[in-house]
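Engineer: My structure file final.txt, compact mmCIF, C-alpha atoms (C1' of nucleotides), is below:
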# COMPACT_ATOMS: atom_id res chain seq x y z
CA MET A 62 1.70 3.67 -11.21
CA THR A 63 2.56 2.43 -14.62
CA THR A 64 6.06 1.13 -14.98
CA LEU A 65 6.71 0.91 -11.28
CA ASN A 66 8.19 -2.29 -10.00
CA ARG A 67 5.62 -3.19 -7.43
CA PRO A 68 6.49 -5.58 -4.65
CA SER A 69 5.04 -9.00 -5.03
CA ALA A 70 5.10 -12.11 -2.98
CA PRO A 71 7.03 -15.03 -4.45
CA ASP A 72 5.48 -17.59 -6.80
CA GLY A 73 1.80 -17.53 -6.18
CA HIS A 74 2.09 -16.87 -2.50
CA VAL A 75 -0.43 -14.09 -2.61
CA CYS A 76 -0.40 -12.74 0.88
CA GLY A 77 -2.75 -9.87 0.08
CA ILE A 78 -0.92 -7.48 2.33
CA ASP A 79 0.89 -5.93 -0.60
CA THR A 80 -2.47 -5.28 -2.21
CA ALA A 81 -3.66 -3.59 0.93
CA MET A 82 -0.46 -1.61 1.20
CA GLU A 83 -1.08 -0.22 -2.26
CA VAL A 84 -4.30 1.25 -1.00
CA ILE A 85 -3.12 2.56 2.36
CA GLY A 86 0.43 3.28 1.22
CA GLY A 87 0.05 7.03 1.00
CA LYS A 88 1.51 9.10 3.76
CA TRP A 89 -1.80 10.26 5.17
CA LYS A 90 -4.20 7.62 3.89
CA VAL A 91 -4.74 5.78 7.14
CA LEU A 92 -5.39 9.06 8.89
CA ILE A 93 -7.95 10.01 6.28
CA LEU A 94 -9.54 6.59 6.62
CA TRP A 95 -9.57 7.04 10.35
CA ALA A 96 -11.17 10.45 10.11
CA LEU A 97 -13.82 9.13 7.76
CA HIS A 98 -14.40 6.24 10.06
CA GLU A 99 -15.29 8.37 13.05
CA HIS A 100 -18.09 10.14 11.27
CA PRO A 101 -20.48 9.01 8.52
CA TYR A 102 -19.30 11.80 6.26
CA ARG A 103 -16.70 14.53 6.22
CA ARG A 104 -16.29 17.69 4.23
CA PHE A 105 -13.06 18.63 2.53
CA GLY A 106 -12.12 21.50 4.79
CA GLU A 107 -13.11 19.44 7.76
CA LEU A 108 -10.64 16.75 6.80
CA ARG A 109 -7.99 19.35 6.23
CA ARG A 110 -8.53 20.68 9.71
CA LEU A 111 -8.67 17.23 11.21
CA ILE A 112 -5.32 16.33 9.69
CA PRO A 113 -2.92 19.13 10.54
CA GLY A 114 0.06 19.32 8.24
CA ILE A 115 -1.56 17.94 5.14
CA THR A 116 -1.84 20.27 2.18
CA GLU A 117 -4.87 20.69 -0.02
CA LYS A 118 -3.19 19.18 -3.00
CA VAL A 119 -2.12 16.07 -1.16
CA LEU A 120 -5.47 15.71 0.57
CA ALA A 121 -7.24 16.02 -2.74
CA SER A 122 -5.01 13.54 -4.52
CA HIS A 123 -5.17 11.04 -1.67
CA LEU A 124 -8.93 11.29 -1.59
CA ARG A 125 -9.01 10.74 -5.32
CA GLU A 126 -6.92 7.64 -5.01
CA LEU A 127 -8.96 6.29 -2.15
CA GLU A 128 -12.01 6.88 -4.28
CA ALA A 129 -10.43 5.14 -7.27
CA ASP A 130 -9.59 2.23 -5.01
CA GLY A 131 -13.20 1.96 -4.01
CA VAL A 132 -12.77 2.65 -0.32
CA ALA A 133 -13.98 6.24 -0.25
CA ARG A 134 -16.99 7.91 -1.80
CA ARG A 135 -17.32 11.50 -2.92
CA VAL A 136 -20.67 13.27 -3.09
CA SER A 137 -20.82 16.84 -4.24
CA TYR A 138 -23.87 19.05 -3.86
CA ASP A 139 -24.53 21.79 -6.36
CA GLU A 140 -24.88 24.62 -3.94
CA THR A 141 -23.31 27.96 -3.21
CA PRO A 142 -20.98 27.76 -1.52
CA PRO A 143 -20.13 24.32 -2.82
CA ARG A 144 -20.35 21.39 -0.50
CA VAL A 145 -18.66 18.05 -0.89
CA GLU A 146 -18.96 15.14 1.45
CA TYR A 147 -16.62 12.21 1.71
CA SER A 148 -17.52 8.91 3.26
CA LEU A 149 -16.35 5.34 3.41
CA THR A 150 -17.73 2.68 1.14
CA GLU A 151 -18.62 -0.73 2.46
CA ASP A 152 -15.22 -1.93 1.38
CA GLY A 153 -13.64 1.05 3.08
CA ILE A 154 -15.38 0.16 6.31
CA ARG A 155 -14.08 -3.38 6.01
CA LEU A 156 -10.62 -1.99 5.39
CA ASN A 157 -10.85 0.10 8.50
CA ASP A 158 -12.00 -2.91 10.50
CA ALA A 159 -9.07 -4.86 9.14
CA LEU A 160 -6.84 -2.03 10.30
CA GLN A 161 -7.95 -2.22 13.90
CA PRO A 162 -5.70 -5.08 15.02
CA LEU A 163 -2.80 -3.17 13.53
CA ALA A 164 -3.83 -0.10 15.46
CA ALA A 165 -4.06 -2.16 18.63
CA TRP A 166 -0.59 -3.51 18.00
CA GLY A 167 0.70 0.00 17.56
CA ARG A 168 -0.82 1.08 20.85
CA GLU A 169 0.26 -1.89 22.93
CA ARG A 170 3.67 -2.19 21.40
CA PRO A 171 6.72 -2.04 23.66
CA ILE A 172 8.60 1.13 22.85
CA THR A 173 11.81 -0.09 21.33
CA ARG A 174 13.01 2.75 19.18
CA GLU A 175 12.64 6.45 19.76
CA LEU A 176 8.92 6.55 19.31
CA GLY A 177 8.54 9.57 21.49
CA GLU A 178 9.84 12.46 19.48
CA ARG A 179 7.54 12.05 16.56
CA ALA A 180 4.41 12.39 18.69
CA GLY A 181 5.54 15.24 20.86
CA ARG A 182 4.05 17.94 18.77
CA GLY A 183 1.06 19.88 19.91
CA LEU A 184 -1.57 19.33 17.31
CA GLY A 185 -5.19 20.08 17.15
CA MET B 103 13.41 10.14 10.81
CA THR B 104 14.56 13.19 12.62
CA THR B 105 13.02 16.39 11.38
CA LEU B 106 10.40 14.73 9.26
CA ASN B 107 6.86 15.89 9.67
CA ARG B 108 5.28 12.63 10.63
CA PRO B 109 1.54 12.20 10.25
CA SER B 110 -0.35 12.24 13.48
CA ALA B 111 -3.95 11.88 14.40
CA PRO B 112 -5.64 15.03 15.67
CA ASP B 113 -5.66 16.07 19.32
CA GLY B 114 -4.88 13.03 21.32
CA HIS B 115 -6.76 10.65 19.09
CA VAL B 116 -3.97 8.15 19.04
CA CYS B 117 -5.15 5.56 16.59
CA GLY B 118 -1.91 3.59 16.68
CA ILE B 119 -2.04 2.87 12.99
CA ASP B 120 0.45 5.60 12.29
CA THR B 121 2.81 3.97 14.72
CA ALA B 122 2.39 0.67 12.94
CA MET B 123 2.81 2.32 9.59
CA GLU B 124 6.18 3.61 10.71
CA VAL B 125 7.30 0.05 11.19
CA ILE B 126 5.81 -1.53 8.09
CA GLY B 127 6.06 1.58 5.95
CA GLY B 128 9.01 0.46 3.91
CA LYS B 129 8.34 -0.73 0.42
CA TRP B 130 9.15 -4.38 1.06
CA LYS B 131 8.75 -4.66 4.81
CA VAL B 132 5.50 -6.55 4.87
CA LEU B 133 6.89 -8.99 2.34
CA ILE B 134 9.93 -9.53 4.51
CA LEU B 135 7.70 -10.00 7.52
CA TRP B 136 5.64 -12.43 5.56
CA ALA B 137 8.68 -14.38 4.47
CA LEU B 138 9.96 -14.53 8.02
CA HIS B 139 6.56 -15.62 9.20
CA GLU B 140 6.41 -18.67 7.00
CA HIS B 141 9.59 -20.14 8.42
CA PRO B 142 11.20 -19.93 11.87
CA TYR B 143 14.32 -18.40 10.36
CA ARG B 144 15.57 -17.20 7.02
CA ARG B 145 18.99 -16.57 5.63
CA PHE B 146 19.88 -13.38 3.84
CA GLY B 147 20.23 -14.85 0.36
CA GLU B 148 17.09 -16.83 0.96
CA LEU B 149 15.15 -13.66 1.60
CA ARG B 150 16.67 -12.07 -1.44
CA ARG B 151 15.52 -14.98 -3.55
CA LEU B 152 12.12 -15.05 -1.94
CA ILE B 153 11.56 -11.40 -2.72
CA PRO B 154 12.41 -10.90 -6.38
CA GLY B 155 13.15 -7.33 -7.29
CA ILE B 156 14.60 -6.24 -3.98
CA THR B 157 18.23 -5.24 -3.97
CA GLU B 158 20.75 -6.28 -1.38
CA LYS B 159 21.14 -2.79 -0.06
CA VAL B 160 17.45 -2.29 0.46
CA LEU B 161 16.96 -5.72 1.94
CA ALA B 162 19.81 -5.09 4.35
CA SER B 163 18.56 -1.67 5.38
CA HIS B 164 15.00 -2.85 5.78
CA LEU B 165 16.14 -5.76 7.90
CA ARG B 166 18.17 -3.42 10.00
CA GLU B 167 15.17 -1.17 10.56
CA LEU B 168 12.93 -4.08 11.38
CA GLU B 169 15.56 -5.16 13.85
CA ALA B 170 15.78 -1.68 15.34
CA ASP B 171 12.01 -1.67 15.66
CA GLY B 172 12.15 -4.87 17.61
CA VAL B 173 10.17 -7.03 15.22
CA ALA B 174 13.04 -8.93 13.63
CA ARG B 175 16.05 -10.66 15.10
CA ARG B 176 19.43 -11.19 13.50
CA VAL B 177 21.72 -14.04 14.46
CA SER B 178 25.07 -14.41 12.76
CA TYR B 179 27.21 -17.52 13.04
CA ASP B 180 30.97 -17.23 12.81
CA GLU B 181 31.52 -19.76 10.11
CA THR B 182 33.02 -19.94 6.67
CA PRO B 183 31.15 -19.20 4.61
CA PRO B 184 29.32 -16.81 6.91
CA ARG B 185 25.78 -17.61 7.85
CA VAL B 186 23.17 -15.20 9.14
CA GLU B 187 19.68 -16.08 10.15
CA TYR B 188 16.78 -13.72 10.52
CA SER B 189 13.67 -14.45 12.49
CA LEU B 190 10.70 -12.69 14.00
CA THR B 191 10.62 -11.57 17.59
CA GLU B 192 7.57 -12.12 19.73
CA ASP B 193 6.45 -8.63 18.86
CA GLY B 194 7.10 -9.32 15.21
CA ILE B 195 4.87 -12.37 15.40
CA ARG B 196 2.16 -10.26 16.98
CA LEU B 197 2.61 -7.70 14.24
CA ASN B 198 2.20 -10.38 11.64
CA ASP B 199 -0.92 -11.64 13.33
CA ALA B 200 -2.26 -8.11 13.36
CA LEU B 201 -1.54 -7.96 9.66
CA GLN B 202 -3.65 -10.98 8.82
CA PRO B 203 -7.04 -9.23 8.65
CA LEU B 204 -5.46 -6.72 6.31
CA ALA B 205 -4.15 -9.54 4.17
CA ALA B 206 -7.57 -11.13 4.13
CA TRP B 207 -9.09 -7.84 3.07
CA GLY B 208 -6.58 -7.59 0.26
CA ARG B 209 -7.43 -11.05 -0.96
CA GLU B 210 -11.19 -10.79 -0.79
CA ARG B 211 -11.33 -7.27 -2.07
CA PRO B 212 -13.38 -6.55 -5.19
CA ILE B 213 -10.95 -5.57 -7.92
CA THR B 214 -11.74 -1.96 -8.55
CA ARG B 215 -8.61 -0.49 -10.02
CA GLU B 216 -6.15 -2.11 -12.35
CA LEU B 217 -4.66 -4.47 -9.87
CA GLY B 218 -3.58 -6.91 -12.51
CA GLU B 219 -0.65 -5.34 -14.25
CA ARG B 220 1.52 -5.08 -11.23
CA ALA B 221 1.46 -8.83 -10.62
CA GLY B 222 1.92 -9.97 -14.19
CA ARG B 223 5.60 -10.65 -13.89
CA GLY B 224 7.01 -14.11 -13.84
CA LEU B 225 8.65 -14.41 -10.50
CA GLY B 226 10.12 -17.29 -8.61
C1' DC C 99 27.88 -15.65 1.78
C1' DG C 100 26.39 -11.45 3.58
C1' DG C 101 26.96 -7.50 3.50
C1' DC C 102 28.56 -1.96 3.09
C1' DA C 103 29.93 2.41 0.26
C1' DT C 104 28.66 5.38 -3.54
C1' DC C 105 26.19 7.54 -6.69
C1' DC C 106 21.91 8.54 -8.84
C1' DT C 107 16.93 8.60 -10.08
C1' DC C 108 12.38 9.79 -9.68
C1' DA C 109 8.06 9.76 -7.65
C1' DC C 110 5.89 11.36 -3.60
C1' DG C 111 4.79 14.87 -1.22
C1' DG C 112 5.11 20.15 -0.04
C1' DA C 113 4.53 25.36 -1.13
C1' DT C 114 2.29 28.72 -3.44
C1' DA C 115 -0.89 30.86 -6.50
C1' DC C 116 -5.03 30.78 -8.84
C1' DT C 117 -10.15 29.36 -10.07
C1' DG C 118 -15.35 28.01 -10.37
C1' DC D 238 -15.70 26.20 -0.17
C1' DA D 239 -13.34 22.99 -2.71
C1' DG D 240 -10.56 22.33 -5.20
C1' DT D 241 -6.79 22.79 -9.70
C1' DA D 242 -2.08 24.21 -11.64
C1' DT D 243 2.69 24.63 -11.31
C1' DC D 244 7.07 24.21 -9.58
C1' DC D 245 10.25 22.23 -6.51
C1' DG D 246 12.82 19.61 -2.68
C1' DT D 247 13.58 15.47 -0.50
C1' DG D 248 14.64 10.97 0.60
C1' DA D 249 13.46 6.30 -0.04
C1' DG D 250 14.79 3.22 -3.04
C1' DG D 251 17.76 1.25 -7.05
C1' DA D 252 22.38 0.15 -9.60
C1' DT D 253 26.88 -1.03 -9.19
C1' DG D 254 31.23 -2.23 -7.17
C1' DC D 255 34.07 -3.76 -3.41
C1' DC D 256 35.12 -6.24 1.04
C1' DG D 257 35.64 -9.72 5.28
Just give me the structure as structure tokens.
Structural biologist:
Amino acid sequence: MTTLNRPSAPDGHVCGIDTAMEVIGGKWKVLILWALHEHPYRRFGELRRLIPGITEKVLASHLRELEADGVARRVSYDETPPRVEYSLTEDGIRLNDALQPLAAWGRERPITRELGERAGRGLG
Amino acid sequence: MTTLNRPSAPDGHVCGIDTAMEVIGGKWKVLILWALHEHPYRRFGELRRLIPGITEKVLASHLRELEADGVARRVSYDETPPRVEYSLTEDGIRLNDALQPLAAWGRERPITRELGERAGRGLG
DNA sequence: CGGCATCCTCACGGATACTG
DNA sequence: CAGTATCCGTGAGGATGCCG
């Protein structure tokens, strides 16, 4: 995220969506947000189980980025075995709320392309 | 988009956001959507100028995907020189509307990370 | 003007092993 | 349990050139 040519709206037309996309741009970020949204806090392994297919490394890095972006919070308890709880910040909750219309669009949307094959996997 | 392991919400919890992310997931898609939203129709070169940094190939492929996803429409006129106009479909307009809260979030958001360097390029 | 055909890069994400 | 460390593959995206 240093020398990358980030997309930007033309001459001062800050639409803000690009900013948001930076935050939720990761492959699993919205799913993580969603999982955190359903419950006040989530543990690491819990998230991993809730999101089948994600690896530990990716989950960890995504969580770190979400944290750095101020939408997720990480609280670790000094216990044995260790316990870490992730939750949404106020801003993260607002982000999730802002995501709802998009989710509704995705649900109500007329199936144009082949949007069937990608969901036909038994998960959970 | 064939054998790719697409993210999915756990056990039937269809949040719809993943579906939406498939459509707007491209690097410049939201910017294209935004550009199409501001005006009833846009020409190819116009879009290219409106979105500095995007290459013709990427713009073309993104437009084609947006078209395949039913959110953009392409109309070409048999003239010399050739003229092609892109516009949003009804569903594309709804998508854009659904994107507005996200845009608002992006604009109002407290700057946590270094969200300054990526915009510091003279464009337009 | 509005593309498509190639070739190539590189960052994102995946697999595996190891640690406090 | 909750991660790091390392290596690697992939594919979206970028550069360039040509065409109707």
Engineer: Least-squares superpose chain A onto chain B - every C-alpha atom, paired in order - and show me the moved coordinates as a PDB file with C-alpha atoms, in the coordinates of the input.
Structural biologist:
ATOM      1  CA  MET A  62      13.872  10.117  10.555  1.00  0.00           C
ATOM      2  CA  THR A  63      14.886  13.205  12.383  1.00  0.00           C
ATOM      3  CA  THR A  64      13.232  16.352  11.187  1.00  0.00           C
ATOM      4  CA  LEU A  65      10.568  14.586   9.200  1.00  0.00           C
ATOM      5  CA  ASN A  66       7.033  15.739   9.695  1.00  0.00           C
ATOM      6  CA  ARG A  67       5.442  12.492  10.668  1.00  0.00           C
ATOM      7  CA  PRO A  68       1.715  12.045  10.337  1.00  0.00           C
ATOM      8  CA  SER A  69      -0.155  12.135  13.568  1.00  0.00           C
ATOM      9  CA  ALA A  70      -3.731  11.739  14.533  1.00  0.00           C
ATOM     10  CA  PRO A  71      -5.449  14.858  15.850  1.00  0.00           C
ATOM     11  CA  ASP A  72      -5.424  15.869  19.518  1.00  0.00           C
ATOM     12  CA  GLY A  73      -4.790  12.762  21.486  1.00  0.00           C
ATOM     13  CA  HIS A  74      -6.704  10.508  19.180  1.00  0.00           C
ATOM     14  CA  VAL A  75      -3.936   7.976  19.054  1.00  0.00           C
ATOM     15  CA  CYS A  76      -5.157   5.463  16.564  1.00  0.00           C
ATOM     16  CA  GLY A  77      -1.934   3.462  16.596  1.00  0.00           C
ATOM     17  CA  ILE A  78      -2.095   2.765  12.906  1.00  0.00           C
ATOM     18  CA  ASP A  79       0.400   5.502  12.165  1.00  0.00           C
ATOM     19  CA  THR A  80       2.783   3.858  14.599  1.00  0.00           C
ATOM     20  CA  ALA A  81       2.355   0.575  12.819  1.00  0.00           C
ATOM     21  CA  MET A  82       2.777   2.227   9.454  1.00  0.00           C
ATOM     22  CA  GLU A  83       6.136   3.551  10.574  1.00  0.00           C
ATOM     23  CA  VAL A  84       7.272   0.004  11.071  1.00  0.00           C
ATOM     24  CA  ILE A  85       5.797  -1.571   7.950  1.00  0.00           C
ATOM     25  CA  GLY A  86       6.095   1.554   5.815  1.00  0.00           C
ATOM     26  CA  GLY A  87       9.071   0.403   3.796  1.00  0.00           C
ATOM     27  CA  LYS A  88       8.453  -0.797   0.301  1.00  0.00           C
ATOM     28  CA  TRP A  89       9.293  -4.420   0.980  1.00  0.00           C
ATOM     29  CA  LYS A  90       8.812  -4.678   4.731  1.00  0.00           C
ATOM     30  CA  VAL A  91       5.566  -6.603   4.714  1.00  0.00           C
ATOM     31  CA  LEU A  92       7.030  -9.051   2.243  1.00  0.00           C
ATOM     32  CA  ILE A  93      10.049  -9.565   4.455  1.00  0.00           C
ATOM     33  CA  LEU A  94       7.763 -10.026   7.438  1.00  0.00           C
ATOM     34  CA  TRP A  95       5.750 -12.490   5.440  1.00  0.00           C
ATOM     35  CA  ALA A  96       8.815 -14.434   4.405  1.00  0.00           C
ATOM     36  CA  LEU A  97      10.038 -14.565   7.979  1.00  0.00           C
ATOM     37  CA  HIS A  98       6.635 -15.645   9.089  1.00  0.00           C
ATOM     38  CA  GLU A  99       6.542 -18.733   6.915  1.00  0.00           C
ATOM     39  CA  HIS A 100       9.701 -20.160   8.374  1.00  0.00           C
ATOM     40  CA  PRO A 101      11.245 -19.902  11.853  1.00  0.00           C
ATOM     41  CA  TYR A 102      14.390 -18.378  10.413  1.00  0.00           C
ATOM     42  CA  ARG A 103      15.714 -17.176   7.094  1.00  0.00           C
ATOM     43  CA  ARG A 104      19.164 -16.486   5.777  1.00  0.00           C
ATOM     44  CA  PHE A 105      20.061 -13.307   3.962  1.00  0.00           C
ATOM     45  CA  GLY A 106      20.481 -14.793   0.521  1.00  0.00           C
ATOM     46  CA  GLU A 107      17.370 -16.815   1.053  1.00  0.00           C
ATOM     47  CA  LEU A 108      15.355 -13.679   1.651  1.00  0.00           C
ATOM     48  CA  ARG A 109      16.905 -12.075  -1.371  1.00  0.00           C
ATOM     49  CA  ARG A 110      15.827 -14.995  -3.488  1.00  0.00           C
ATOM     50  CA  LEU A 111      12.402 -15.103  -1.928  1.00  0.00           C
ATOM     51  CA  ILE A 112      11.811 -11.453  -2.744  1.00  0.00           C
ATOM     52  CA  PRO A 113      12.680 -10.970  -6.396  1.00  0.00           C
ATOM     53  CA  GLY A 114      13.473  -7.399  -7.304  1.00  0.00           C
ATOM     54  CA  ILE A 115      14.851  -6.290  -3.985  1.00  0.00           C
ATOM     55  CA  THR A 116      18.490  -5.281  -3.900  1.00  0.00           C
ATOM     56  CA  GLU A 117      20.989  -6.252  -1.253  1.00  0.00           C
ATOM     57  CA  LYS A 118      21.317  -2.757   0.034  1.00  0.00           C
ATOM     58  CA  VAL A 119      17.604  -2.279   0.468  1.00  0.00           C
ATOM     59  CA  LEU A 120      17.144  -5.722   1.978  1.00  0.00           C
ATOM     60  CA  ALA A 121      19.927  -5.047   4.425  1.00  0.00           C
ATOM     61  CA  SER A 122      18.645  -1.633   5.422  1.00  0.00           C
ATOM     62  CA  HIS A 123      15.068  -2.851   5.769  1.00  0.00           C
ATOM     63  CA  LEU A 124      16.201  -5.733   7.918  1.00  0.00           C
ATOM     64  CA  ARG A 125      18.171  -3.323  10.048  1.00  0.00           C
ATOM     65  CA  GLU A 126      15.158  -1.146  10.550  1.00  0.00           C
ATOM     66  CA  LEU A 127      12.914  -4.062  11.341  1.00  0.00           C
ATOM     67  CA  GLU A 128      15.499  -5.138  13.862  1.00  0.00           C
ATOM     68  CA  ALA A 129      15.692  -1.648  15.360  1.00  0.00           C
ATOM     69  CA  ASP A 130      11.922  -1.654  15.616  1.00  0.00           C
ATOM     70  CA  GLY A 131      12.056  -4.857  17.572  1.00  0.00           C
ATOM     71  CA  VAL A 132      10.121  -7.023  15.155  1.00  0.00           C
ATOM     72  CA  ALA A 133      13.018  -8.921  13.619  1.00  0.00           C
ATOM     73  CA  ARG A 134      16.014 -10.619  15.165  1.00  0.00           C
ATOM     74  CA  ARG A 135      19.427 -11.130  13.634  1.00  0.00           C
ATOM     75  CA  VAL A 136      21.717 -13.963  14.688  1.00  0.00           C
ATOM     76  CA  SER A 137      25.086 -14.318  13.071  1.00  0.00           C
ATOM     77  CA  TYR A 138      27.271 -17.391  13.406  1.00  0.00           C
ATOM     78  CA  ASP A 139      31.021 -17.058  13.257  1.00  0.00           C
ATOM     79  CA  GLU A 140      31.654 -19.582  10.570  1.00  0.00           C
ATOM     80  CA  THR A 141      33.213 -19.780   7.152  1.00  0.00           C
ATOM     81  CA  PRO A 142      31.382 -19.065   5.040  1.00  0.00           C
ATOM     82  CA  PRO A 143      29.465 -16.706   7.278  1.00  0.00           C
ATOM     83  CA  ARG A 144      25.924 -17.523   8.179  1.00  0.00           C
ATOM     84  CA  VAL A 145      23.283 -15.140   9.407  1.00  0.00           C
ATOM     85  CA  GLU A 146      19.766 -16.034  10.336  1.00  0.00           C
ATOM     86  CA  TYR A 147      16.842 -13.687  10.599  1.00  0.00           C
ATOM     87  CA  SER A 148      13.697 -14.426  12.515  1.00  0.00           C
ATOM     88  CA  LEU A 149      10.687 -12.699  13.961  1.00  0.00           C
ATOM     89  CA  THR A 150      10.543 -11.586  17.549  1.00  0.00           C
ATOM     90  CA  GLU A 151       7.461 -12.145  19.635  1.00  0.00           C
ATOM     91  CA  ASP A 152       6.361  -8.650  18.772  1.00  0.00           C
ATOM     92  CA  GLY A 153       7.043  -9.348  15.123  1.00  0.00           C
ATOM     93  CA  ILE A 154       4.822 -12.397  15.266  1.00  0.00           C
ATOM     94  CA  ARG A 155       2.083 -10.303  16.821  1.00  0.00           C
ATOM     95  CA  LEU A 156       2.566  -7.747  14.078  1.00  0.00           C
ATOM     96  CA  ASN A 157       2.193 -10.414  11.462  1.00  0.00           C
ATOM     97  CA  ASP A 158      -0.957 -11.694  13.142  1.00  0.00           C
ATOM     98  CA  ALA A 159      -2.303  -8.169  13.174  1.00  0.00           C
ATOM     99  CA  LEU A 160      -1.563  -8.013   9.465  1.00  0.00           C
ATOM    100  CA  GLN A 161      -3.674 -11.018   8.604  1.00  0.00           C
ATOM    101  CA  PRO A 162      -7.065  -9.291   8.479  1.00  0.00           C
ATOM    102  CA  LEU A 163      -5.505  -6.746   6.163  1.00  0.00           C
ATOM    103  CA  ALA A 164      -4.207  -9.529   3.977  1.00  0.00           C
ATOM    104  CA  ALA A 165      -7.646 -11.117   3.943  1.00  0.00           C
ATOM    105  CA  TRP A 166      -9.158  -7.811   2.921  1.00  0.00           C
ATOM    106  CA  GLY A 167      -6.663  -7.532   0.115  1.00  0.00           C
ATOM    107  CA  ARG A 168      -7.543 -10.987  -1.146  1.00  0.00           C
ATOM    108  CA  GLU A 169     -11.308 -10.689  -0.919  1.00  0.00           C
ATOM    109  CA  ARG A 170     -11.471  -7.149  -2.144  1.00  0.00           C
ATOM    110  CA  PRO A 171     -13.597  -6.353  -5.190  1.00  0.00           C
ATOM    111  CA  ILE A 172     -11.275  -5.320  -7.979  1.00  0.00           C
ATOM    112  CA  THR A 173     -12.062  -1.686  -8.506  1.00  0.00           C
ATOM    113  CA  ARG A 174      -8.955  -0.229 -10.041  1.00  0.00           C
ATOM    114  CA  GLU A 175      -6.523  -1.857 -12.407  1.00  0.00           C
ATOM    115  CA  LEU A 176      -5.176  -4.339  -9.942  1.00  0.00           C
ATOM    116  CA  GLY A 177      -4.245  -6.787 -12.617  1.00  0.00           C
ATOM    117  CA  GLU A 178      -1.216  -5.358 -14.310  1.00  0.00           C
ATOM    118  CA  ARG A 179       0.937  -5.122 -11.262  1.00  0.00           C
ATOM    119  CA  ALA A 180       0.676  -8.840 -10.514  1.00  0.00           C
ATOM    120  CA  GLY A 181       1.088 -10.125 -14.020  1.00  0.00           C
ATOM    121  CA  ARG A 182       4.771 -10.646 -13.817  1.00  0.00           C
ATOM    122  CA  GLY A 183       6.264 -14.076 -13.703  1.00  0.00           C
ATOM    123  CA  LEU A 184       8.201 -14.244 -10.510  1.00  0.00           C
ATOM    124  CA  GLY A 185       9.813 -17.007  -8.650  1.00  0.00           C
TER     125      GLY A 185
END
Engineer: Just the residues within 10 Å of DG250 (chain D), please, counting all atoms listed in the file, with nothing from its chain fewer than 6 positions along; format it as a PyMOL selection string.
Structural biologist: (chain B and resi 128-129+156-157+159-160) or (chain C and resi 107-108)
Engineer: List as a list in words the protein and nucleic acid residues near DG101 (chain C), meaning an atom at most 9 Å away when all atoms listed in the file are counted, but skip any in the same chain fewer than 3 places from it.
Structural biologist: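 The residues that qualify are Glu158, Lys159 and Ala162 of chain B; DC256 of chain D.
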Engineer: Using all atoms listed in the file, which protein or nucleic acid residues come within 12 Å of DT117 (chain C)? Drop anything in the same chain fewer than 6 positions from it, and give the result as a PyMOL selection string.
Structural biologist: chain D and resi 238-242
Engineer: To one decimal in Å, tell me the separation between CA of Ala122 (chain B) and CA of Leu197 (chain B).
Structural biologist: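 CA of Leu197 (chain B) lies at a distance of 8.5 Å from CA of Ala122 (chain B).
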Engineer: Record the distance separating CA of Ser110 (chain B) and CA of Ala159 (chain A), expressed in Å with one decimal.
Structural biologist: 19.7 Å
Engineer: So which one's closest to DC102 (chain C), B:Gly118, B:Asp199, B:Leu152, B:Ser163? Using all atoms listed in the file, please.
Structural biologist: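 Closest candidate: B:Ser163.
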Engineer: Within 8 Å of region 129-133 of chain A, counting all atoms listed in the file, which residues qualify if same-chain residues fewer than 5 places away don't, as a list in words?
Structural biologist: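 Answer for this query is Val84, Leu124, Tyr147, Ser148, Leu149, Thr150, Glu151, Asp152, Gly153, Ile154 and Leu156 of chain A; Thr214 and Arg215 of chain B.
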Engineer: Would you save the residues from that selection as a tab-separated table (two decimals), keeping the file's coordinate frame, using C-alpha atoms?
Structural biologist:
chain	number	residue	atom	x	y	z
A	84	VAL	CA	-4.30	1.25	-1.00
A	124	LEU	CA	-8.93	11.29	-1.59
A	147	TYR	CA	-16.62	12.21	1.71
A	148	SER	CA	-17.52	8.91	3.26
A	149	LEU	CA	-16.35	5.34	3.41
A	150	THR	CA	-17.73	2.68	1.14
A	151	GLU	CA	-18.62	-0.73	2.46
A	152	ASP	CA	-15.22	-1.93	1.38
A	153	GLY	CA	-13.64	1.05	3.08
A	154	ILE	CA	-15.38	0.16	6.31
A	156	LEU	CA	-10.62	-1.99	5.39
B	214	THR	CA	-11.74	-1.96	-8.55
B	215	ARG	CA	-8.61	-0.49	-10.02
Engineer: Just need the box for region 133-139 of chain B, edges along x, y and z, holding every atom the file lists for it with 5 Å tacked onto each side, so centre and edge lengths in Å to one decimal, as JSON.
Structural biologist:
{"center_x": 7.8, "center_y": -12.3, "center_z": 5.8, "size_x": 14.3, "size_y": 16.6, "size_z": 16.9}
Engineer: Starting from the structure just given, write a file holding region 89-103 of chain A with C-alpha atoms, as a PDB file, in the first residue's frame.
Structural biologist:
ATOM      1  CA  TRP A  89     -13.159 -11.904   2.985  1.00  0.00           C
ATOM      2  CA  LYS A  90     -13.523  -8.560   4.728  1.00  0.00           C
ATOM      3  CA  VAL A  91     -17.247  -8.149   4.314  1.00  0.00           C
ATOM      4  CA  LEU A  92     -17.778 -11.657   5.596  1.00  0.00           C
ATOM      5  CA  ILE A  93     -15.660 -10.918   8.635  1.00  0.00           C
ATOM      6  CA  LEU A  94     -17.579  -7.707   9.176  1.00  0.00           C
ATOM      7  CA  TRP A  95     -20.787  -9.636   8.838  1.00  0.00           C
ATOM      8  CA  ALA A  96     -19.690 -12.253  11.333  1.00  0.00           C
ATOM      9  CA  LEU A  97     -18.652  -9.584  13.800  1.00  0.00           C
ATOM     10  CA  HIS A  98     -21.929  -7.841  13.263  1.00  0.00           C
ATOM     11  CA  GLU A  99     -24.046 -10.796  14.298  1.00  0.00           C
ATOM     12  CA  HIS A 100     -22.433 -11.073  17.685  1.00  0.00           C
ATOM     13  CA  PRO A 101     -20.908  -8.460  20.015  1.00  0.00           C
ATOM     14  CA  TYR A 102     -17.579 -10.257  19.945  1.00  0.00           C
ATOM     15  CA  ARG A 103     -15.950 -13.176  18.217  1.00  0.00           C
TER      16      ARG A 103
END
